[in-house]
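S.K.: A single structure is presented below for examination.
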Amino acid sequence: MNGTRVRTRRRLVAAAAVLALGILSACGGGNDAGGESGSADKADLTWQFWVGGTEDQAAWQKVADQAHTDHAGITVKLQGTDWNSYWSKIGTLLASGKAPCIIGMQSLRTASYAGAMLPLDDLMSKYGLKAEDFDKPIMDGLKVDGKQIAIPYDSGPMVIFYNRDAFKAAGVADPKPGWTMDEFKAAAKKLTAAGKTGLVTTPGDLGVTSWVRTLTGAEPLADGKLNLTDPKFVEGFQGWADFVRTDKIAPQVPSGATDFETTQFTSGKAAMQLNGPWSLIDTKGKVKFKLGVAPIPAGPDGSKTYTAGSGFGIARSCKTPDAAFQAIMSMTSEKPLTTLAAAGRAYPARTAAHPAWFTAAGIDGAKETLDYASENSIPLVTSKNWVKVSDLLTRFGTQALNGEVPPDQALKTIQDQAGAGS
Amino acid sequence: MGTATVAPPEHVPPGSAPAGRRPALRRDGRYAGIFLAPSLVGLALFTLFPTAMALGISLFDWPVFGERKFLGWDNYSHLLSDPVFRRVVLNTALFVLLYVPLNVVISLGLAVWLGPAIKGRQAFRVLFFIPVMTPMVANVMVWRLLFQPGGLLDSGMQTWFGIDAPNFLGSSNWAMPAIVAMSVWQGFGYNFLVFSAALDQVPQSQLESAQIDGAGPLQRFRYVTWPMITPSLFFATTMTLITSFQVFAQPFILTQGGPGVSTQTIVMYVYNQGWQFLTMGLASAAGWVLFVIIMGITAIQFFGQKRWVHYDV
């Protein structure tokens, strides 16, 4: 009897141990990409990036393969995630120290994640990457505290997309670089008729801040601190909200419909929207009308807009930063960027790849407009808490646009809720 | 282990009951332990440990990356003094107050209406259950097309009455009712099935004898049917209450909690703080606030059930 009990207990303990081991190994079986090892010329790297589907994944894997073409010992494997879950995913990966070596980074979010990313300035001089080969606003947009956090592949200033057919039908002349806010409003008023509107605008961070900048020249940060209650910013924000509230040249907006602006424009219900060149070729493929592109209308101090874009950086936990940097150099070199441009993807950050993109776009006046807008744009520099600011702007900006809350009060709420957030 | 049973008496020699019973009890307990181990280990690892861990994290300023700092109860006092979080709790309560009664009344009403005598009853059951089975994202997409400016409701009202419909998803007054309407449509099918099954269990003979005794349809429902379906009603209200406190997908996809914070719920707040703003401490504290609220209300329900739930009819 005693012997049986001992045997049973032993069996029990053994069973429990096997179970526990099984569970522990299952828990530990996660991504161990941080353990990538190798040397400067030989490494198997993983690259975390946002992709929109299998076709997108294949196109970006080709970009990754450029690293292997240039450096026989280096391979880059793409791990794709959709845009919406990308940021929480890399947040946890970076926090756990298991992030892949190469990380996709968007300029507006760089400040939030810079603490876990490797500054690239030393590697740039070591391997001779020239900053001047890239668009300056986006190189600056991917810097935090003066340090380069990522190397850009795309960029672009916010510009007006417009429906050429609607303009023609309403007898409104095509906008030219330098057109003024008064000309813009007159055109939008003429185009607002029969259930259609001249403009559609939603409270996205890049769009709102671009409108405010051209209206009054105000910027959302002062000395790195959020400064939304500055009178100039309030005035500009009020001017933007008035497009819907008093000018009635744009429709009221629903909350949470991130695609509302794009669908109103592409379906022909609104004749203009503010958008980035990264969407231009995709939009052209969707619309049934002739698409035009114009700079943001000039306020009292001229046409002023913001640039945003994205690039690739290296996680601090990466054990082979030299190999990762060489891979990034290949991935942002002229050849893959030209291939991407010719395929009608993002507006390349390398000036040498621009001609291929304009050929692919095939839109009259696109080059003139984008060159003009680039000259008049600066990067939108953000604070560490920008993700929160952007979320609050979407929430309370909707109320300001729809006339539920006075614009200055909306800004005060955003400023209070976000805190200074340097 | 509480399920251990006493061994059948025939295995116990006469006169030695106390001594013989103990090993049998122990053996049963041991086997019960073996069978329960996988689920207990699972419960401990994936439920109890994270819950305790969340309580620990909630006492810290815990950014996803960067330095962690012990704060004590500061996260909780921040939540209680934050007008946004108070509004978020109110929103959640408003959703529960609107959604739970509507859901139960509609699902019970339809289940009673589609009583045993109705033709095509199975077809209706399937029809009402379809929204439960379709993915929430797809449901919400369709409802957004109904609700948004220039959408089906708006253009319908313009065509028929010549007036604009309210901006359902852009107005702070309309957004929550819009979410409740969508949620009720999406969710009532489940309780409908539960109630239909319960109604089928009510013995026809008792209903008939009540009828012979002169009870009208309302009396029969009140005094025969109702007591018999109270266990199902208790189950349905408890589960619906718990899940509606945890509402996330509908406001997240339909309005993203806006305009302002007028449709933001507690779980959305937890998600935003944790996974968007990467402040795990505050997210865990808000999670615990929700946990305590749900525990409290469920406890009240369990104590209250003695008054109105009949298990022995």
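Following the order of the structure tokens, first chain is A, next is B, and so on, with residues numbered from 1 inside each chain and ligands from 1 in the order they appear.
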Taking only C-alpha atoms into account, produce a table as JSON lines in which each residue of chain B with an atom at most 8 Å from an atom of chain A appears once, together with its shortest atom pair and the distance in Å to one decimal, ordered by chain and rising number.

M.R.:
```
{"residue": "B:Ile34", "atom": "CA", "partner": "A:Leu12", "partner_atom": "CA", "distance": 7.4}
{"residue": "B:Ala37", "atom": "CA", "partner": "A:Ala16", "partner_atom": "CA", "distance": 7.9}
{"residue": "B:Pro38", "atom": "CA", "partner": "A:Leu19", "partner_atom": "CA", "distance": 7.7}
{"residue": "B:Val64", "atom": "CA", "partner": "A:Ala95", "partner_atom": "CA", "distance": 5.6}
{"residue": "B:Phe65", "atom": "CA", "partner": "A:Ala95", "partner_atom": "CA", "distance": 4.9}
{"residue": "B:Gly66", "atom": "CA", "partner": "A:Gly115", "partner_atom": "CA", "distance": 7.4}
{"residue": "B:Gln148", "atom": "CA", "partner": "A:Pro254", "partner_atom": "CA", "distance": 5.9}
{"residue": "B:Pro149", "atom": "CA", "partner": "A:Pro254", "partner_atom": "CA", "distance": 6.9}
{"residue": "B:Asn167", "atom": "CA", "partner": "A:Pro254", "partner_atom": "CA", "distance": 6.7}
{"residue": "B:Phe168", "atom": "CA", "partner": "A:Pro254", "partner_atom": "CA", "distance": 7.3}
{"residue": "B:Leu169", "atom": "CA", "partner": "A:Pro254", "partner_atom": "CA", "distance": 4.7}
{"residue": "B:Gly170", "atom": "CA", "partner": "A:Pro254", "partner_atom": "CA", "distance": 4.0}
{"residue": "B:Ser171", "atom": "CA", "partner": "A:Glu404", "partner_atom": "CA", "distance": 7.6}
{"residue": "B:Ser172", "atom": "CA", "partner": "A:Glu404", "partner_atom": "CA", "distance": 7.9}
{"residue": "B:Phe252", "atom": "CA", "partner": "A:Gly256", "partner_atom": "CA", "distance": 7.9}
{"residue": "B:Ile253", "atom": "CA", "partner": "A:Gly256", "partner_atom": "CA", "distance": 7.1}
{"residue": "B:Leu254", "atom": "CA", "partner": "A:Gly256", "partner_atom": "CA", "distance": 6.2}
{"residue": "B:Thr255", "atom": "CA", "partner": "A:Gly256", "partner_atom": "CA", "distance": 4.0}
{"residue": "B:Gln256", "atom": "CA", "partner": "A:Gly256", "partner_atom": "CA", "distance": 4.6}
{"residue": "B:Gly257", "atom": "CA", "partner": "A:Gly256", "partner_atom": "CA", "distance": 7.3}
{"residue": "B:Gly258", "atom": "CA", "partner": "A:Arg395", "partner_atom": "CA", "distance": 5.2}
{"residue": "B:Pro259", "atom": "CA", "partner": "A:Arg395", "partner_atom": "CA", "distance": 5.1}
{"residue": "B:Gly260", "atom": "CA", "partner": "A:Arg395", "partner_atom": "CA", "distance": 4.3}
{"residue": "B:Val261", "atom": "CA", "partner": "A:Arg395", "partner_atom": "CA", "distance": 6.7}
{"residue": "B:Trp275", "atom": "CA", "partner": "A:Ser88", "partner_atom": "CA", "distance": 5.2}
{"residue": "B:Gln276", "atom": "CA", "partner": "A:Ser88", "partner_atom": "CA", "distance": 6.4}
{"residue": "B:Phe277", "atom": "CA", "partner": "A:Lys388", "partner_atom": "CA", "distance": 5.9}
{"residue": "B:Leu278", "atom": "CA", "partner": "A:Gly91", "partner_atom": "CA", "distance": 7.4}
```

S.K.: Per DSSP on the backbone, filter segment 19-264 of chain B down to the residues in strand (DSSP E) and report them as a list in words.

M.R.: Phe60, Asp61, Lys69 and Phe70 of chain B

S.K.: Using the selection just defined, write its residues with C-alpha atoms as an mmCIF file, in the first residue's frame.

M.R.:
```cif
data_model
loop_
_atom_site.group_PDB
_atom_site.id
_atom_site.type_symbol
_atom_site.label_atom_id
_atom_site.label_comp_id
_atom_site.auth_asym_id
_atom_site.auth_seq_id
_atom_site.Cartn_x
_atom_site.Cartn_y
_atom_site.Cartn_z
ATOM 1 C CA PHE B 60 3.656 51.525 -10.955
ATOM 2 C CA ASP B 61 4.305 54.130 -13.587
ATOM 3 C CA LYS B 69 8.556 53.919 -10.953
ATOM 4 C CA PHE B 70 6.568 52.766 -7.916
#
```

S.K.: Just want the 9 Å neighbourhood of segment 161-178 of chain A, counted on only C-alpha atoms, with same-chain residues fewer than 5 positions away dropped. Output as a ChimeraX atom specification.

M.R.: /A:183-184,187,190-191,199,265-266,268,270-276,280,289-298,302-303,365,368-369,372-373

S.K.: What lies within 8 Å of Asn91 of chain B using only C-alpha atoms, ignoring chain neighbours under 5 positions off, as a ChimeraX atom specification?

M.R.: /B:262-265

S.K.: Would you please give, as a PyMOL selection string, all residues of segment 261-293 of chain B that DSSP assigns to alpha helix (DSSP H) based on the backbone?

M.R.: chain B and resi 266-271+280-293

S.K.: For those residues, write N, CA and C atoms to a file as an mmCIF file, in the first residue's frame.

M.R.:
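result_32.cif was written with the following content:
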```
data_model
loop_
_atom_site.group_PDB
_atom_site.id
_atom_site.type_symbol
_atom_site.label_atom_id
_atom_site.label_comp_id
_atom_site.auth_asym_id
_atom_site.auth_seq_id
_atom_site.Cartn_x
_atom_site.Cartn_y
_atom_site.Cartn_z
ATOM 1 N N ILE B 266 -14.904 51.515 -20.822
ATOM 2 C CA ILE B 266 -13.749 51.238 -19.954
ATOM 3 C C ILE B 266 -12.717 50.359 -20.660
ATOM 4 N N VAL B 267 -13.186 49.327 -21.365
ATOM 5 C CA VAL B 267 -12.214 48.437 -22.019
ATOM 6 C C VAL B 267 -11.456 49.184 -23.119
ATOM 7 N N MET B 268 -12.156 50.083 -23.823
ATOM 8 C CA MET B 268 -11.463 50.903 -24.830
ATOM 9 C C MET B 268 -10.418 51.782 -24.181
ATOM 10 N N TYR B 269 -10.766 52.329 -23.023
ATOM 11 C CA TYR B 269 -9.837 53.178 -22.286
ATOM 12 C C TYR B 269 -8.594 52.364 -21.914
ATOM 13 N N VAL B 270 -8.823 51.123 -21.428
ATOM 14 C CA VAL B 270 -7.702 50.246 -21.070
ATOM 15 C C VAL B 270 -6.831 49.990 -22.295
ATOM 16 N N TYR B 271 -7.500 49.679 -23.427
ATOM 17 C CA TYR B 271 -6.759 49.392 -24.660
ATOM 18 C C TYR B 271 -5.930 50.601 -25.086
ATOM 19 N N MET B 280 1.268 51.201 -19.246
ATOM 20 C CA MET B 280 0.677 49.963 -18.741
ATOM 21 C C MET B 280 0.123 50.111 -17.326
ATOM 22 N N GLY B 281 0.736 50.970 -16.514
ATOM 23 C CA GLY B 281 0.293 51.137 -15.138
ATOM 24 C C GLY B 281 -1.138 51.633 -15.073
ATOM 25 N N LEU B 282 -1.399 52.696 -15.815
ATOM 26 C CA LEU B 282 -2.735 53.282 -15.816
ATOM 27 C C LEU B 282 -3.747 52.311 -16.431
ATOM 28 N N ALA B 283 -3.321 51.620 -17.492
ATOM 29 C CA ALA B 283 -4.212 50.657 -18.144
ATOM 30 C C ALA B 283 -4.594 49.549 -17.163
ATOM 31 N N SER B 284 -3.611 49.036 -16.404
ATOM 32 C CA SER B 284 -3.893 47.965 -15.450
ATOM 33 C C SER B 284 -4.818 48.455 -14.348
ATOM 34 N N ALA B 285 -4.610 49.689 -13.892
ATOM 35 C CA ALA B 285 -5.461 50.233 -12.834
ATOM 36 C C ALA B 285 -6.909 50.325 -13.345
ATOM 37 N N ALA B 286 -7.077 50.814 -14.576
ATOM 38 C CA ALA B 286 -8.435 50.924 -15.123
ATOM 39 C C ALA B 286 -9.049 49.531 -15.283
ATOM 40 N N GLY B 287 -8.215 48.564 -15.679
ATOM 41 C CA GLY B 287 -8.684 47.190 -15.808
ATOM 42 C C GLY B 287 -9.191 46.658 -14.472
ATOM 43 N N TRP B 288 -8.473 46.976 -13.427
ATOM 44 C CA TRP B 288 -8.884 46.510 -12.091
ATOM 45 C C TRP B 288 -10.165 47.189 -11.621
ATOM 46 N N VAL B 289 -10.307 48.469 -11.965
ATOM 47 C CA VAL B 289 -11.555 49.160 -11.613
ATOM 48 C C VAL B 289 -12.735 48.418 -12.254
ATOM 49 N N LEU B 290 -12.576 48.072 -13.524
ATOM 50 C CA LEU B 290 -13.648 47.349 -14.228
ATOM 51 C C LEU B 290 -13.902 45.980 -13.575
ATOM 52 N N PHE B 291 -12.809 45.295 -13.237
ATOM 53 C CA PHE B 291 -12.910 43.971 -12.620
ATOM 54 C C PHE B 291 -13.728 44.050 -11.327
ATOM 55 N N VAL B 292 -13.417 45.060 -10.509
ATOM 56 C CA VAL B 292 -14.125 45.216 -9.234
ATOM 57 C C VAL B 292 -15.608 45.537 -9.485
ATOM 58 N N ILE B 293 -15.876 46.407 -10.448
ATOM 59 C CA ILE B 293 -17.280 46.747 -10.749
ATOM 60 C C ILE B 293 -18.046 45.482 -11.156
#
```

S.K.: Which of these, A:Lys284, A:Phe49, A:Ala99, A:Met105, has the shortest distance to Asp82 of chain A once you count only C-alpha atoms?

M.R.: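 The answer is A:Phe49, which sits nearest to Asp82 of chain A.
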
S.K.: When you look at Asp121 of chain A with a cut-off of 8 Å (counting only C-alpha atoms), what residues show up, excluding the ones that are within fewer than 4 positions of it in the same chain? I need them as a list in words.

M.R.: Ser125, Lys147 and Gln148 of chain A

S.K.: Just write the chosen residues, C-alpha atoms, as a PDB file, in the first residue's frame.

M.R.:
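Saved result, part_10.pdb, follows:
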```pdb
ATOM      1  CA  SER A 125      29.633  58.320 -41.482  1.00  0.00           C
ATOM      2  CA  LYS A 147      20.053  62.287 -33.972  1.00  0.00           C
ATOM      3  CA  GLN A 148      19.076  60.293 -37.053  1.00  0.00           C
TER       4      GLN A 148
END
```

S.K.: Could you pull the residues within 8 Å of segment 330-335 of chain A, counting only C-alpha atoms, minus those fewer than 2 positions along the same chain, as a PyMOL selection string?

M.R.: chain A and resi 63-64+66-67+70+151-153+326-328+337-339+350+352-353

S.K.: Tell me, as a ChimeraX atom specification, which residues lie within 9 Å of Pro177 of chain B, counting only C-alpha atoms; anything in the same chain fewer than 4 positions away does not count.

M.R.: /B:95,98,168,173,181-182

S.K.: Take the selection from the previous step and output its residues with N, CA and C atoms, as an mmCIF file, in the first residue's frame.

M.R.:
```cif
data_model
loop_
_atom_site.group_PDB
_atom_site.id
_atom_site.type_symbol
_atom_site.label_atom_id
_atom_site.label_comp_id
_atom_site.auth_asym_id
_atom_site.auth_seq_id
_atom_site.Cartn_x
_atom_site.Cartn_y
_atom_site.Cartn_z
ATOM 1 N N PHE B 95 -24.346 52.454 -21.452
ATOM 2 C CA PHE B 95 -24.476 51.372 -22.429
ATOM 3 C C PHE B 95 -25.164 50.165 -21.784
ATOM 4 N N LEU B 98 -28.886 50.774 -21.101
ATOM 5 C CA LEU B 98 -29.729 50.758 -22.301
ATOM 6 C C LEU B 98 -29.756 49.379 -22.945
ATOM 7 N N PHE B 168 -25.486 60.751 -36.969
ATOM 8 C CA PHE B 168 -25.535 59.766 -35.880
ATOM 9 C C PHE B 168 -24.171 59.511 -35.237
ATOM 10 N N ASN B 173 -24.813 63.275 -28.800
ATOM 11 C CA ASN B 173 -26.095 62.778 -28.287
ATOM 12 C C ASN B 173 -26.554 61.505 -28.992
ATOM 13 N N ALA B 181 -28.205 50.514 -30.542
ATOM 14 C CA ALA B 181 -29.093 49.921 -31.551
ATOM 15 C C ALA B 181 -28.375 48.818 -32.313
ATOM 16 N N MET B 182 -27.156 49.137 -32.740
ATOM 17 C CA MET B 182 -26.379 48.152 -33.500
ATOM 18 C C MET B 182 -26.084 46.923 -32.640
#
```

S.K.: Quick one: distance from atom CA of Lys62 of chain A to atom CA of Ala361 of chain A in Å, one decimal?

M.R.: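 That distance, rounded to one decimal, is 21.2 Å.
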
S.K.: Report the distance between atom CA of Ile102 of chain A and atom CA of Cys318 of chain A in Å, rounded to one decimal place.

M.R.: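 A separation of 8.2 Å between them.
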